[in-house]
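J.: Here you go, this is run-v4.cif (mmCIF, C-alpha atoms).
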data_model
#
loop_
_atom_site.label_atom_id
_atom_site.label_comp_id
_atom_site.auth_asym_id
_atom_site.auth_seq_id
_atom_site.Cartn_x
_atom_site.Cartn_y
_atom_site.Cartn_z
CA MET O 479 10.77 -7.08 -2.69
CA VAL O 480 8.92 -9.69 -0.65
CA THR O 481 9.30 -9.84 3.11
CA ARG O 482 7.68 -12.27 5.52
CA THR O 483 5.89 -9.38 7.23
CA GLN O 484 4.33 -8.21 3.96
CA ILE O 485 2.94 -11.69 3.37
CA ALA O 486 1.73 -12.04 6.97
CA GLU O 487 -0.10 -8.71 6.73
CA ALA O 488 -1.51 -9.18 3.23
CA ASP O 489 -5.11 -8.06 2.78
CA VAL O 490 -6.53 -9.34 -0.50
CA THR O 491 -9.83 -7.45 -0.23
CA GLY O 492 -8.00 -4.24 0.68
CA TRP O 493 -5.31 -4.82 -1.97
CA SER O 494 -2.23 -4.42 0.21
CA GLY O 495 0.71 -6.70 1.01
CA VAL O 496 2.08 -9.69 -0.91
CA ILE O 497 0.30 -13.01 -1.48
CA TYR O 498 1.15 -16.27 -3.26
CA THR O 499 -1.10 -16.95 -6.23
CA CYS O 500 -1.36 -20.31 -7.98
CA ASN O 501 -0.96 -18.92 -11.51
CA CYS O 502 1.08 -15.71 -11.05
CA GLY O 503 3.45 -16.68 -8.21
CA TYR O 504 4.02 -14.13 -5.47
CA PHE O 505 1.97 -11.05 -6.34
CA ASP O 506 2.47 -7.65 -4.78
CA LEU O 507 -1.07 -6.34 -4.35
CA GLY O 508 0.28 -2.77 -4.11
CA HIS O 509 0.52 -2.83 -7.92
CA GLY O 510 -3.21 -3.35 -8.25
CA ASN O 511 -4.09 0.31 -8.30
CA PRO O 512 -1.92 1.69 -11.09
CA HIS O 513 -3.03 5.32 -11.23
CA LYS O 514 -0.50 7.95 -12.20
CA ALA O 515 1.90 9.63 -9.79
CA ALA O 516 2.91 12.37 -12.22
CA TRP O 517 2.25 13.07 -15.89
CA ASN O 518 5.10 10.70 -16.86
CA VAL O 519 5.15 8.32 -13.85
CA GLY O 520 2.93 5.24 -13.55
CA ALA O 521 1.53 2.84 -16.15
CA SER O 522 -1.70 4.87 -16.25
CA ALA O 523 0.27 8.00 -17.13
CA LEU O 524 1.98 6.18 -19.99
CA TRP O 525 -1.35 4.94 -21.35
CA GLU O 526 -2.97 8.38 -20.97
CA GLN O 527 -0.24 9.97 -23.11
CA LEU O 528 -0.70 7.36 -25.84
CA VAL O 529 -4.46 7.82 -25.84
CA LYS O 530 -4.35 11.63 -25.85
CA GLU O 531 -1.55 12.04 -28.44
CA PRO O 532 0.08 15.29 -27.22
CA SER O 533 0.29 18.25 -29.62
CA ASP O 534 3.36 19.19 -31.63
CA ASN O 535 4.13 21.92 -29.09
CA ALA O 536 4.85 19.21 -26.55
CA VAL O 537 7.16 17.54 -29.05
CA VAL O 538 9.07 20.78 -29.66
CA GLU O 539 9.54 21.07 -25.89
CA GLN O 540 10.92 17.53 -25.78
CA PHE O 541 13.50 18.32 -28.45
CA ARG O 542 14.92 21.10 -26.29
CA ARG O 543 15.93 18.61 -23.60
CA PRO O 544 18.83 16.19 -24.02
CA PRO O 545 18.17 12.51 -23.32
CA MET O 546 19.03 11.13 -19.88
CA GLY O 547 22.78 11.11 -19.35
CA GLU O 548 23.72 13.18 -22.40
CA PRO O 549 25.03 16.75 -22.43
CA GLY O 550 22.68 19.46 -23.63
CA ALA O 551 24.27 20.33 -26.97
CA GLY O 552 22.74 20.75 -30.39
CA ALA O 553 19.41 22.26 -29.33
CA ALA O 554 19.98 25.21 -31.64
CA ASN O 555 20.25 22.83 -34.57
CA ALA O 556 17.02 21.16 -33.51
CA MET O 557 15.20 24.46 -33.25
CA PHE O 558 16.44 25.43 -36.72
CA TRP O 559 14.71 22.42 -38.26
CA LEU O 560 11.65 22.78 -36.08
CA LEU O 561 11.18 26.36 -37.26
CA HIS O 562 11.05 25.04 -40.79
CA ASP O 563 8.86 22.05 -39.95
CA PRO O 564 7.44 21.94 -36.42
CA THR O 565 6.05 18.45 -36.95
CA ALA O 566 8.11 15.67 -35.37
CA ARG O 567 8.59 13.00 -38.00
CA PHE O 568 9.72 9.43 -38.41
CA PRO O 569 12.44 8.69 -40.97
CA ASP O 570 9.67 7.85 -43.48
CA GLY O 571 8.12 11.30 -43.00
CA ALA O 572 5.12 10.16 -40.92
CA PRO O 573 4.18 12.52 -38.07
CA GLY O 574 4.68 11.44 -34.48
CA PHE O 575 4.05 12.60 -30.94
CA ALA O 576 6.21 12.52 -27.83
CA VAL O 577 5.76 10.08 -24.97
CA GLU O 578 7.79 10.11 -21.79
CA TYR O 579 7.76 7.40 -19.16
CA GLN O 580 9.66 7.06 -15.91
CA GLN O 581 10.05 4.65 -13.03
CA ASP O 582 11.71 5.91 -9.88
CA MET O 583 12.57 5.14 -6.30
CA GLY O 584 12.29 7.30 -3.19
CA ARG O 585 9.56 8.51 -0.89
CA ARG O 586 7.06 11.28 -0.19
CA ILE O 587 8.30 13.89 2.24
CA ALA O 588 5.81 16.55 3.36
CA GLY O 589 3.63 15.75 0.37
CA LEU O 590 6.44 16.02 -2.18
CA ARG O 591 7.80 13.09 -4.20
CA VAL O 592 11.54 12.84 -3.57
CA THR O 593 12.85 10.23 -5.99
CA PRO O 594 16.59 10.61 -6.57
CA ALA O 595 16.89 7.30 -8.46
CA ALA O 596 14.94 7.46 -11.70
CA PHE O 597 15.01 5.76 -15.08
CA ASN O 598 13.46 7.95 -17.74
CA ARG O 599 13.01 7.45 -21.49
CA ARG O 600 11.39 9.54 -24.21
CA TYR O 601 9.94 8.19 -27.42
CA LEU O 602 8.39 9.35 -30.65
CA VAL O 603 5.18 7.45 -31.40
CA ARG O 604 3.48 7.38 -34.79
CA ARG O 605 0.23 9.33 -34.88
CA GLY O 606 -3.09 7.70 -35.74
CA LEU O 607 -2.39 4.19 -34.45
CA SER O 608 -5.30 1.92 -33.55
CA THR O 609 -5.97 1.12 -29.88
CA GLU O 610 -4.47 -2.36 -30.33
CA GLU O 611 -1.31 -0.90 -31.91
CA LYS O 612 -1.07 1.63 -29.08
CA LYS O 613 -1.33 -1.14 -26.50
CA ALA O 614 1.55 -2.97 -28.20
CA VAL O 615 3.64 0.22 -28.20
CA ALA O 616 2.74 0.91 -24.56
CA LEU O 617 3.81 -2.58 -23.54
CA ALA O 618 7.13 -2.31 -25.39
CA ILE O 619 7.86 1.02 -23.68
CA PHE O 620 6.74 -0.35 -20.32
CA ILE O 621 9.02 -3.39 -20.62
CA GLU O 622 12.04 -1.33 -21.72
CA VAL O 623 11.69 1.17 -18.86
CA THR O 624 10.93 -1.52 -16.27
CA MET O 625 14.07 -3.47 -17.25
CA GLY O 626 16.12 -0.27 -17.23
CA PHE O 627 14.86 0.70 -13.79
CA GLU O 628 15.44 -2.74 -12.28
CA HIS O 629 19.01 -2.72 -13.64
CA LEU O 630 19.50 0.79 -12.26
CA GLN O 631 18.51 -0.42 -8.80
CA GLY O 632 21.21 -3.08 -8.86
CA GLU O 633 23.99 -0.91 -10.28
CA TRP O 634 26.34 1.59 -8.66
CA PRO O 635 25.60 3.83 -6.80
CA TRP O 636 22.08 2.59 -5.95
CA GLY O 637 23.17 -1.03 -5.80
CA TRP O 638 25.27 -0.18 -2.76
CA ILE O 639 22.11 0.60 -0.81
CA PRO O 640 20.80 -2.72 0.54
CA GLN O 641 17.10 -1.86 0.02
CA SER O 642 17.75 -0.99 -3.62
CA ALA O 643 19.93 -4.02 -4.34
CA GLN O 644 17.39 -6.39 -2.78
CA SER O 645 14.54 -4.82 -4.74
CA SER O 646 16.34 -5.07 -8.10
CA PHE O 647 14.58 -7.86 -10.07
CA SER O 648 13.09 -9.25 -6.88
CA LEU O 649 10.95 -12.35 -7.23
CA GLU O 650 7.56 -10.64 -7.70
CA ASP O 651 8.55 -7.26 -9.17
CA THR O 652 8.29 -7.62 -12.94
CA VAL O 653 5.23 -9.87 -12.90
CA SER O 654 3.34 -7.61 -10.47
CA ASP O 655 4.33 -4.65 -12.67
CA LEU O 656 2.98 -6.44 -15.75
CA ILE O 657 -0.34 -7.28 -14.09
CA GLY O 658 -0.64 -3.64 -12.97
CA PHE O 659 0.04 -2.58 -16.57
CA TYR O 660 -2.83 -4.73 -17.91
CA ILE O 661 -5.13 -3.21 -15.27
CA ALA O 662 -3.91 0.32 -16.14
CA ILE O 663 -4.69 0.03 -19.85
CA GLY O 664 -8.15 -1.38 -19.12
CA GLU O 665 -7.48 -4.87 -20.49
CA ILE O 666 -8.68 -6.49 -17.29
CA THR O 667 -10.36 -5.36 -14.08
CA ARG O 668 -8.63 -5.65 -10.74
CA ALA O 669 -11.06 -8.28 -9.53
CA ASP O 670 -10.68 -10.37 -12.72
CA ALA O 671 -6.89 -10.08 -12.54
CA LEU O 672 -6.89 -11.40 -9.00
CA ALA O 673 -9.33 -14.20 -9.91
CA ALA O 674 -7.11 -15.21 -12.86
CA CYS O 675 -4.09 -15.41 -10.56
CA HIS O 676 -6.05 -17.31 -7.87
CA PRO O 677 -4.62 -16.13 -4.54
CA CYS O 678 -3.89 -18.57 -1.72
CA SER O 679 -4.66 -17.81 1.90
CA VAL O 680 -2.21 -15.79 3.97
CA ALA O 681 -1.42 -18.88 6.06
CA ALA O 682 -0.60 -20.97 2.97
CA SER O 683 1.45 -18.13 1.40
CA LEU O 684 3.44 -17.85 4.60
CA ALA O 685 3.96 -21.60 4.91
CA MET O 686 5.24 -21.78 1.32
CA TRP O 687 7.54 -18.81 1.95
CA ASP O 688 8.94 -20.44 5.08
CA GLY O 689 9.33 -23.77 3.29
CA ASN O 690 11.35 -22.22 0.44
CA PRO O 691 14.04 -20.06 2.06
CA HIS O 692 15.83 -19.57 -1.28
CA LEU O 693 12.93 -17.38 -2.52
CA ALA O 694 14.07 -14.35 -0.51
CA SER O 695 17.24 -13.98 -2.59
CA LEU O 696 15.84 -15.24 -5.89
CA LYS O 697 16.00 -12.81 -8.83
CA ASN O 698 13.54 -12.87 -11.72
CA GLN O 699 14.64 -11.01 -14.85
CA THR O 700 11.67 -12.11 -16.95
CA PHE O 701 8.02 -11.15 -17.08
CA LYS O 702 7.01 -14.74 -16.29
CA PRO O 703 6.19 -15.73 -12.70
CA VAL O 704 8.23 -18.06 -10.53
CA LEU O 705 5.71 -20.80 -9.71
CA LEU O 706 6.35 -23.27 -6.91
CA ASN O 707 6.33 -26.94 -7.93
CA ASP O 708 4.93 -28.07 -4.62
CA THR O 709 2.14 -25.97 -3.18
CA ARG O 710 1.04 -28.51 -0.55
CA VAL O 711 1.02 -27.14 2.97
CA ARG O 712 0.89 -29.18 6.15
CA TYR O 713 -0.66 -27.47 9.17
CA ALA O 714 0.11 -28.97 12.58
CA ALA O 715 -0.37 -32.75 12.44
CA GLY O 716 -3.07 -32.80 9.74
CA ASN O 717 -2.83 -34.04 6.17
CA PRO O 718 -1.24 -31.67 3.67
CA SER O 719 -3.70 -29.39 1.87
CA ASP O 720 -3.18 -27.82 -1.52
CA GLU O 721 -5.07 -24.61 -2.28
CA CYS O 722 -3.92 -24.78 -5.91
CA THR O 723 -5.69 -28.05 -6.66
CA GLY O 724 -7.55 -27.72 -9.95
CA GLN O 725 -5.64 -24.61 -11.00
CA ALA O 726 -3.71 -24.51 -14.30
CA ARG O 727 -0.52 -23.36 -12.51
CA MET O 728 0.36 -21.42 -15.65
CA PHE O 729 0.66 -17.67 -16.19
CA PRO O 730 -2.81 -16.66 -17.48
CA PHE O 731 -3.11 -15.84 -21.18
CA ALA O 732 -4.88 -12.62 -20.12
CA PHE O 733 -1.44 -11.24 -19.17
CA GLN O 734 0.28 -12.44 -22.35
CA ARG O 735 -2.26 -11.39 -24.96
CA ILE O 736 -0.51 -8.22 -26.09
CA LYS O 737 2.76 -8.64 -27.96
CA PRO O 738 5.19 -5.75 -27.49
CA ALA O 739 5.70 -3.68 -30.66
CA PRO O 740 9.18 -3.83 -32.16
CA LYS O 741 11.05 -0.57 -31.76
CA GLY O 742 11.65 1.27 -35.03
CA GLN O 743 8.25 0.73 -36.61
CA ASN O 744 5.49 2.52 -34.68
CA PHE O 745 7.78 4.07 -32.09
CA ILE O 746 11.40 5.11 -31.91
CA ASP O 747 13.66 6.69 -29.31
CA MET O 748 12.99 10.41 -29.22
CA PRO O 749 15.37 11.81 -31.81
CA TYR O 750 17.71 14.31 -30.27
CA ALA O 751 18.91 17.37 -32.12
CA PRO O 752 21.74 15.80 -34.12
CA ASP O 753 19.49 12.94 -35.30
CA LEU O 754 16.40 14.99 -36.19
CA HIS O 755 14.63 13.76 -39.26
CA ARG O 756 13.92 16.28 -42.00
CA ARG O 757 10.82 16.27 -44.13
CA PRO O 758 11.74 13.98 -47.05
CA MET T 923 66.14 33.57 21.75
CA SER T 924 66.48 30.99 19.00
CA GLU T 925 65.55 28.19 21.44
CA ARG T 926 62.33 30.04 22.29
CA ASN T 927 61.53 30.48 18.59
CA ALA T 928 62.09 26.78 18.00
CA ALA T 929 59.76 25.89 20.91
CA ASP T 930 57.05 28.21 19.53
CA GLY T 931 57.42 26.64 16.11
CA ALA T 932 57.07 23.14 17.52
CA GLN T 933 53.96 24.17 19.48
CA ARG T 934 52.42 25.72 16.36
CA GLY T 935 53.20 22.55 14.47
CA ARG T 936 51.51 20.38 17.12
CA ARG T 937 48.47 22.66 17.12
CA TRP T 938 48.26 22.50 13.34
CA VAL T 939 48.37 18.70 13.41
CA LEU T 940 45.67 18.59 16.10
CA TRP T 941 43.40 20.94 14.14
CA SER T 942 43.93 18.93 10.95
CA VAL T 943 43.07 15.67 12.70
CA ALA T 944 39.97 17.25 14.29
CA ALA T 945 38.82 18.67 10.94
CA ALA T 946 39.38 15.32 9.23
CA LEU T 947 37.37 13.55 11.96
CA VAL T 948 34.47 16.01 11.54
CA VAL T 949 34.47 15.55 7.75
CA ILE T 950 34.67 11.74 7.99
CA SER T 951 31.95 11.46 10.63
CA THR T 952 29.67 13.83 8.66
CA LEU T 953 30.19 11.78 5.50
CA ALA T 954 29.53 8.55 7.41
CA LEU T 955 26.35 10.04 8.86
CA VAL T 956 25.19 11.10 5.39
CA VAL T 957 26.00 7.70 3.89
CA VAL T 958 24.08 5.88 6.63
CA ALA T 959 21.23 8.32 7.20
CA LEU T 960 20.35 9.33 3.64
CA PRO T 961 19.43 5.84 2.40
CA LEU T 962 17.35 5.29 5.53
CA LEU T 963 15.55 8.60 5.06
CA LEU T 964 15.04 8.31 1.29
CA PHE T 965 14.48 4.56 0.93
CA PRO T 966 12.88 3.49 4.22
CA ASP T 967 12.14 -0.20 4.58
CA ILE T 968 10.75 -0.38 8.09
CA ASP T 969 8.49 -3.26 9.16
CA ASP T 970 8.07 -2.92 12.89
CA ALA T 971 8.93 0.44 14.50
CA ALA T 972 7.74 1.07 18.04
CA PRO T 973 6.52 4.47 19.27
CA GLY T 974 9.45 6.46 20.62
CA SER T 975 12.05 4.56 18.56
CA LEU T 976 14.64 6.38 16.44
CA ALA T 977 12.75 5.52 13.24
CA TRP T 978 9.51 6.76 14.80
CA TYR T 979 11.07 10.17 15.49
CA LEU T 980 13.29 10.58 12.42
CA VAL T 981 11.89 8.57 9.50
CA LEU T 982 8.14 8.03 9.83
CA PRO T 983 5.86 10.76 8.46
CA ARG T 984 3.93 12.84 11.02
CA PHE T 985 0.52 11.86 9.65
CA LEU T 986 1.41 8.23 10.41
CA THR T 987 2.72 8.73 13.93
CA ALA T 988 -0.34 10.89 14.67
CA ALA T 989 -2.78 8.25 13.33
CA PRO T 990 -5.40 7.29 15.98
CA THR T 991 -5.50 3.82 17.52
CA PRO T 992 -9.09 3.57 18.87
CA ALA T 993 -9.91 1.01 21.60
CA ALA T 994 -6.35 -0.28 21.37
CA CYS T 995 -5.39 -3.31 23.46
CA GLY T 996 -1.69 -3.27 22.66
CA GLU T 997 1.12 -1.00 21.61
CA PRO T 998 0.95 0.12 17.97
CA ARG T 999 3.68 -0.74 15.50
CA TYR T 1000 4.58 1.24 12.37
CA ALA T 1001 5.84 0.30 8.90
CA LEU T 1002 7.09 2.39 5.99
CA HIS T 1003 8.19 1.12 2.58
CA PHE T 1004 9.64 3.34 -0.16
CA ILE T 1005 8.29 4.07 -3.66
CA ASP T 1006 9.75 1.28 -5.78
CA GLY T 1007 9.06 1.76 -9.49
CA GLU T 1008 5.38 0.99 -10.08
CA LYS T 1009 4.89 0.16 -6.42
CA PRO T 1010 3.59 3.05 -4.29
CA GLN T 1011 4.97 4.10 -0.93
CA SER T 1012 3.18 2.22 1.83
CA ALA T 1013 2.92 3.59 5.37
CA SER T 1014 0.94 1.64 7.95
CA VAL T 1015 0.04 1.54 11.60
CA LYS T 1016 -0.75 -1.89 13.08
CA PHE T 1017 -2.40 -2.45 16.44
CA GLN T 1018 -4.71 -4.75 18.38
CA THR T 1019 -8.15 -3.25 18.92
CA ARG T 1020 -11.62 -3.93 20.27
CA ALA T 1021 -13.14 -1.37 17.90
CA SER T 1022 -15.50 -2.36 15.09
CA LEU T 1023 -14.90 -1.34 11.46
CA ALA T 1024 -17.50 1.43 11.83
CA GLU T 1025 -15.69 2.75 14.91
CA LEU T 1026 -12.39 2.65 13.02
CA ARG T 1027 -13.92 4.69 10.20
CA THR T 1028 -15.25 7.22 12.71
CA ALA T 1029 -11.86 7.51 14.42
CA TYR T 1030 -10.23 8.09 11.04
CA ALA T 1031 -12.71 10.74 9.91
CA ARG T 1032 -9.99 13.42 9.85
CA GLU T 1033 -7.59 11.24 7.81
CA LEU T 1034 -10.44 10.33 5.45
CA THR T 1035 -11.35 13.94 4.68
CA ALA T 1036 -11.26 14.44 0.89
CA CYS T 1037 -11.44 10.65 0.45
CA ALA T 1038 -14.16 8.58 -1.20
CA PRO T 1039 -14.88 4.85 -0.90
CA GLU T 1040 -13.39 3.06 -3.89
CA ALA T 1041 -15.88 1.62 -6.34
CA GLY T 1042 -15.79 -2.16 -6.52
CA ALA T 1043 -13.62 -2.52 -3.40
CA ALA T 1044 -14.67 -4.17 -0.17
CA GLU T 1045 -17.39 -2.03 1.39
CA GLY T 1046 -15.96 0.94 3.31
CA ARG T 1047 -12.46 -0.46 3.58
CA ARG T 1048 -10.56 1.16 0.74
CA PHE T 1049 -10.69 4.89 0.00
CA GLN T 1050 -9.29 7.03 -2.82
CA CYS T 1051 -8.05 10.37 -1.54
CA ASP T 1052 -7.22 13.72 -3.02
CA ARG T 1053 -4.56 14.65 -0.48
CA SER T 1054 -0.93 15.65 -0.79
CA GLN T 1055 0.48 13.02 1.57
CA TYR T 1056 -1.37 9.90 0.40
CA ASP T 1057 -3.72 8.77 -2.36
CA THR T 1058 -5.28 5.64 -0.90
CA VAL T 1059 -6.27 4.50 2.60
CA VAL T 1060 -6.93 0.84 3.38
CA LEU T 1061 -8.63 -0.21 6.63
CA SER T 1062 -7.96 -3.85 7.53
CA LEU T 1063 -9.59 -5.51 10.51
CA ASP T 1064 -9.50 -9.21 11.37
CA PRO T 1065 -12.95 -10.79 11.79
CA GLY T 1066 -14.35 -11.74 15.17
CA ASP T 1067 -14.87 -10.08 18.55
CA GLY T 1068 -12.50 -9.03 21.30
CA CYS T 1069 -8.93 -7.94 20.78
CA ARG T 1070 -7.98 -8.39 17.13
CA ARG T 1071 -5.56 -7.11 14.55
CA ALA T 1072 -6.18 -3.81 12.77
CA GLN T 1073 -3.98 -2.23 10.15
CA ILE T 1074 -4.41 1.16 8.52
CA THR T 1075 -2.33 1.54 5.35
CA PHE T 1076 -1.68 4.81 3.52
CA LEU T 1077 -0.49 4.40 -0.07
CA SER T 1078 1.26 7.26 -1.87
CA ARG T 1079 2.33 7.24 -5.50
#
I need this file expressed as structure tokens, please.

T.:
Amino acid sequence: MVTRTQIAEADVTGWSGVIYTCNCGYFDLGHGNPHKAAWNVGASALWEQLVKEPSDNAVVEQFRRPPMGEPGAGAANAMFWLLHDPTARFPDGAPGFAVEYQQDMGRRIAGLRVTPAAFNRRYLVRRGLSTEEKKAVALAIFIEVTMGFEHLQGEWPWGWIPQSAQSSFSLEDTVSDLIGFYIAIGEITRADALAACHPCSVAASLAMWDGNPHLASLKNQTFKPVLLNDTRVRYAAGNPSDECTGQARMFPFAFQRIKPAPKGQNFIDMPYAPDLHRRP
Amino acid sequence: MSERNAADGAQRGRRWVLWSVAAALVVISTLALVVVALPLLLFPDIDDAAPGSLAWYLVLPRFLTAAPTPAACGEPRYALHFIDGEKPQSASVKFQTRASLAELRTAYARELTACAPEAGAAEGRRFQCDRSQYDTVVLSLDPGDGCRRAQITFLSR
């Protein structure tokens, strides 16, 4: 979520705080370093799993665990089929590998991540995909989990906590997440991402924030930025200046190039015991 | 005899009611404390905590409150923002200082142990760390001479 203080203390060269950008709206620079927090947390962790294609042993381990929110029944049935065919398969018989991705909320206490609010999903991804196909799968997974997590933040019980409710689908969240994703998968460098967005100065970002009080409560449930129509800023008694003059004021194509893969083709929800696919 | 028994019974009854009310008050106040304190502890969203404040003692991590403020010309202020999906936890100390960037780096030598300057980032201002409490340290210092704004930010995934 954006606060006035985070804009006032933004440091573009140090990549911290929030800044207004002409082509990507308010951008949370904290997303610009998307390395992984755990093997299944962070856009980099998601991409690493897709690149490495975990072994079948990892898939067998996934089958043992029920999906989020479901009781742990039927594992014996799963193990029965896995003993006969330890390869995880799609309905058409093609082999797959397990991918798990999570977004969560909490803090570090004494070096440990304490994140009681988490949205976690597991998927089966077809083996042997090209890098482009993997990027499309990664984006689809990323979007699904991001949307799930943002909804989770706004729903009971987390929605009763003001910090969580305010953060749910906040103005800059999804777009900053998406830019971080493109950096994580190596589509664009951090410097090029920032150049494509074209950041304004801290003073201009603050002036625009102060001039648009509705932004603080605005929710954005899309992966497109909220761009201000009027980016002119008047300092003291001088003429208004516009730091976005000459800019396209459109979300850069660099962050729209990959189209998310449709679920069911190259990736599916991780089949749980009762739905396990047998070798045809 | 029966009057005395009745008086005892009434006294026991009053005592029972008093104990029940006291127990209920303890349970309710404990629950209220948990409901208020837990979100603050787990999802801190602090922008401007002063040294010695309640947040400084109870919520801010020790490494942050112990962070040096070299050549300070004003009281430090502290901020802490929770891990929010893809956004890392951010803990920062902000203060006015007369120190140069080099002096800041020297003062933070202990915090920057097991850290390396990040490739491609502004020279000597952003460090990647292999530490349990934070992964990245950002040193921000306003340009110019004299008393100016410094901010040290610790990012943790």

J.: Using only C-alpha atoms, which protein or nucleic acid residues come within 8 Å of O:Trp493? Drop anything in the same chain fewer than 4 positions from it, and give the result as a list in words.

T.: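 So, after excluding close chain neighbours, the residues are Ala488, Asp489, Leu507, Gly508 and Gly510 of chain O; Val1060 of chain T.
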
J.: Would you write out, as number ranges by chain, every residue that the PyMOL selection byres ((chain T) within 7 of (chain O)) captures in this file?

T.: T: 961, 964-965, 967, 969, 1004-1011, 1043-1044, 1047-1048, 1054-1055, 1060, 1062, 1079

J.: I need the residue set behind the PyMOL selection byres ((chain O and resi 737) around 12) for this file; please write it as a list of chain:residue names.

T.: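 Evaluating the PyMOL selection byres ((chain O and resi 737) around 12) on these coordinates yields O:Glu610, O:Glu611, O:Lys612, O:Lys613, O:Ala614, O:Val615, O:Ala616, O:Leu617, O:Ala618, O:Ile619, O:Phe620, O:Ile621, O:Phe731, O:Ala732, O:Phe733, O:Gln734, O:Arg735, O:Ile736, O:Pro738, O:Ala739, O:Pro740.
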
J.: Could you work out how far atom CA of O:Asn501 lies from atom CA of O:Gln725, giving the answer in Å with one decimal?

T.: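 Calculated distance between atom CA of O:Gln725 and atom CA of O:Asn501 is 7.4 Å.
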
J.: Record the distance separating atom CA of O:Ala681 and atom CA of O:Ala714, expressed in Å with one decimal.

T.: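 Separating atom CA of O:Ala681 from atom CA of O:Ala714 is a distance of 12.1 Å.
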
J.: Can you list, as a ChimeraX atom specification, every protein, DNA or RNA residue that comes within 7 Å of stretch 1023-1040 of chain T when you count all atoms listed in the file, leaving out same-chain residues fewer than 3 positions away?

T.: /T:990,992,1043,1046,1048-1053,1063

J.: Take the PyMOL selection byres ((chain T and resi 1001) around 8), apply it to the structure above, and return the hits as a VMD selection string.

T.: chain T and resid 967 to 971 999 to 1000 1002 to 1003 1012 to 1015

J.: For the residues in the current selection, export C-alpha atoms as a PDB file, in the frame of the given file.

T.:
ATOM      1  CA  ASP T 967      12.140  -0.200   4.580  1.00  0.00           C
ATOM      2  CA  ILE T 968      10.750  -0.380   8.090  1.00  0.00           C
ATOM      3  CA  ASP T 969       8.490  -3.260   9.160  1.00  0.00           C
ATOM      4  CA  ASP T 970       8.070  -2.920  12.890  1.00  0.00           C
ATOM      5  CA  ALA T 971       8.930   0.440  14.500  1.00  0.00           C
ATOM      6  CA  ARG T 999       3.680  -0.740  15.500  1.00  0.00           C
ATOM      7  CA  TYR T1000       4.580   1.240  12.370  1.00  0.00           C
ATOM      8  CA  LEU T1002       7.090   2.390   5.990  1.00  0.00           C
ATOM      9  CA  HIS T1003       8.190   1.120   2.580  1.00  0.00           C
ATOM     10  CA  SER T1012       3.180   2.220   1.830  1.00  0.00           C
ATOM     11  CA  ALA T1013       2.920   3.590   5.370  1.00  0.00           C
ATOM     12  CA  SER T1014       0.940   1.640   7.950  1.00  0.00           C
ATOM     13  CA  VAL T1015       0.040   1.540  11.600  1.00  0.00           C
TER      14      VAL T1015
END

J.: Tell me which of T:Leu940, T:Arg1020, T:Ile1074, T:Leu980 sits closest to T:Leu960, counting only C-alpha atoms.

T.: T:Leu980

J.: What does the distance from atom CA of O:Met686 to atom CA of O:Phe729 come to in Å, to one decimal?

T.: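 Interatomic distance here is 18.6 Å.
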
J.: As a VMD selection string, please: the residues near T:Cys1069 (cut-off 12 Å, all atoms listed in the file, same-chain neighbours under 6 positions excluded).

T.: chain T and resid 992 to 996 1017 to 1022 1063

J.: Pick from O:Pro718, O:Asn518, O:Asp708, O:Gly637: nearest to O:Arg600, with only C-alpha atoms counted?

T.: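 Ranking O:Pro718, O:Asn518, O:Asp708, O:Gly637 by distance to O:Arg600, first place goes to O:Asn518.
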
J.: Generate a file for stretch 525-533 of chain O, containing N, CA and C atoms, as an mmCIF file, in the first residue's frame.

T.:
data_model
loop_
_atom_site.group_PDB
_atom_site.id
_atom_site.type_symbol
_atom_site.label_atom_id
_atom_site.label_comp_id
_atom_site.auth_asym_id
_atom_site.auth_seq_id
_atom_site.Cartn_x
_atom_site.Cartn_y
_atom_site.Cartn_z
ATOM 1 N N TRP O 525 10.120 -19.242 -10.792
ATOM 2 C CA TRP O 525 10.834 -19.410 -12.065
ATOM 3 C C TRP O 525 11.901 -20.492 -11.944
ATOM 4 N N GLU O 526 12.591 -20.530 -10.807
ATOM 5 C CA GLU O 526 13.653 -21.528 -10.597
ATOM 6 C C GLU O 526 13.081 -22.945 -10.669
ATOM 7 N N GLN O 527 11.900 -23.149 -10.080
ATOM 8 C CA GLN O 527 11.281 -24.478 -10.128
ATOM 9 C C GLN O 527 10.956 -24.870 -11.570
ATOM 10 N N LEU O 528 10.435 -23.905 -12.335
ATOM 11 C CA LEU O 528 10.070 -24.212 -13.728
ATOM 12 C C LEU O 528 11.295 -24.516 -14.568
ATOM 13 N N VAL O 529 12.389 -23.823 -14.286
ATOM 14 C CA VAL O 529 13.613 -24.042 -15.059
ATOM 15 C C VAL O 529 14.231 -25.388 -14.695
ATOM 16 N N LYS O 530 14.238 -25.713 -13.401
ATOM 17 C CA LYS O 530 14.925 -26.928 -12.943
ATOM 18 C C LYS O 530 14.126 -28.211 -13.172
ATOM 19 N N GLU O 531 12.807 -28.116 -13.265
ATOM 20 C CA GLU O 531 11.938 -29.286 -13.418
ATOM 21 C C GLU O 531 12.242 -30.346 -12.361
ATOM 22 N N PRO O 532 11.670 -30.234 -11.161
ATOM 23 C CA PRO O 532 11.979 -31.174 -10.079
ATOM 24 C C PRO O 532 11.726 -32.639 -10.474
ATOM 25 N N SER O 533 12.409 -33.545 -9.785
ATOM 26 C CA SER O 533 12.308 -34.969 -10.110
ATOM 27 C C SER O 533 10.953 -35.525 -9.698
#
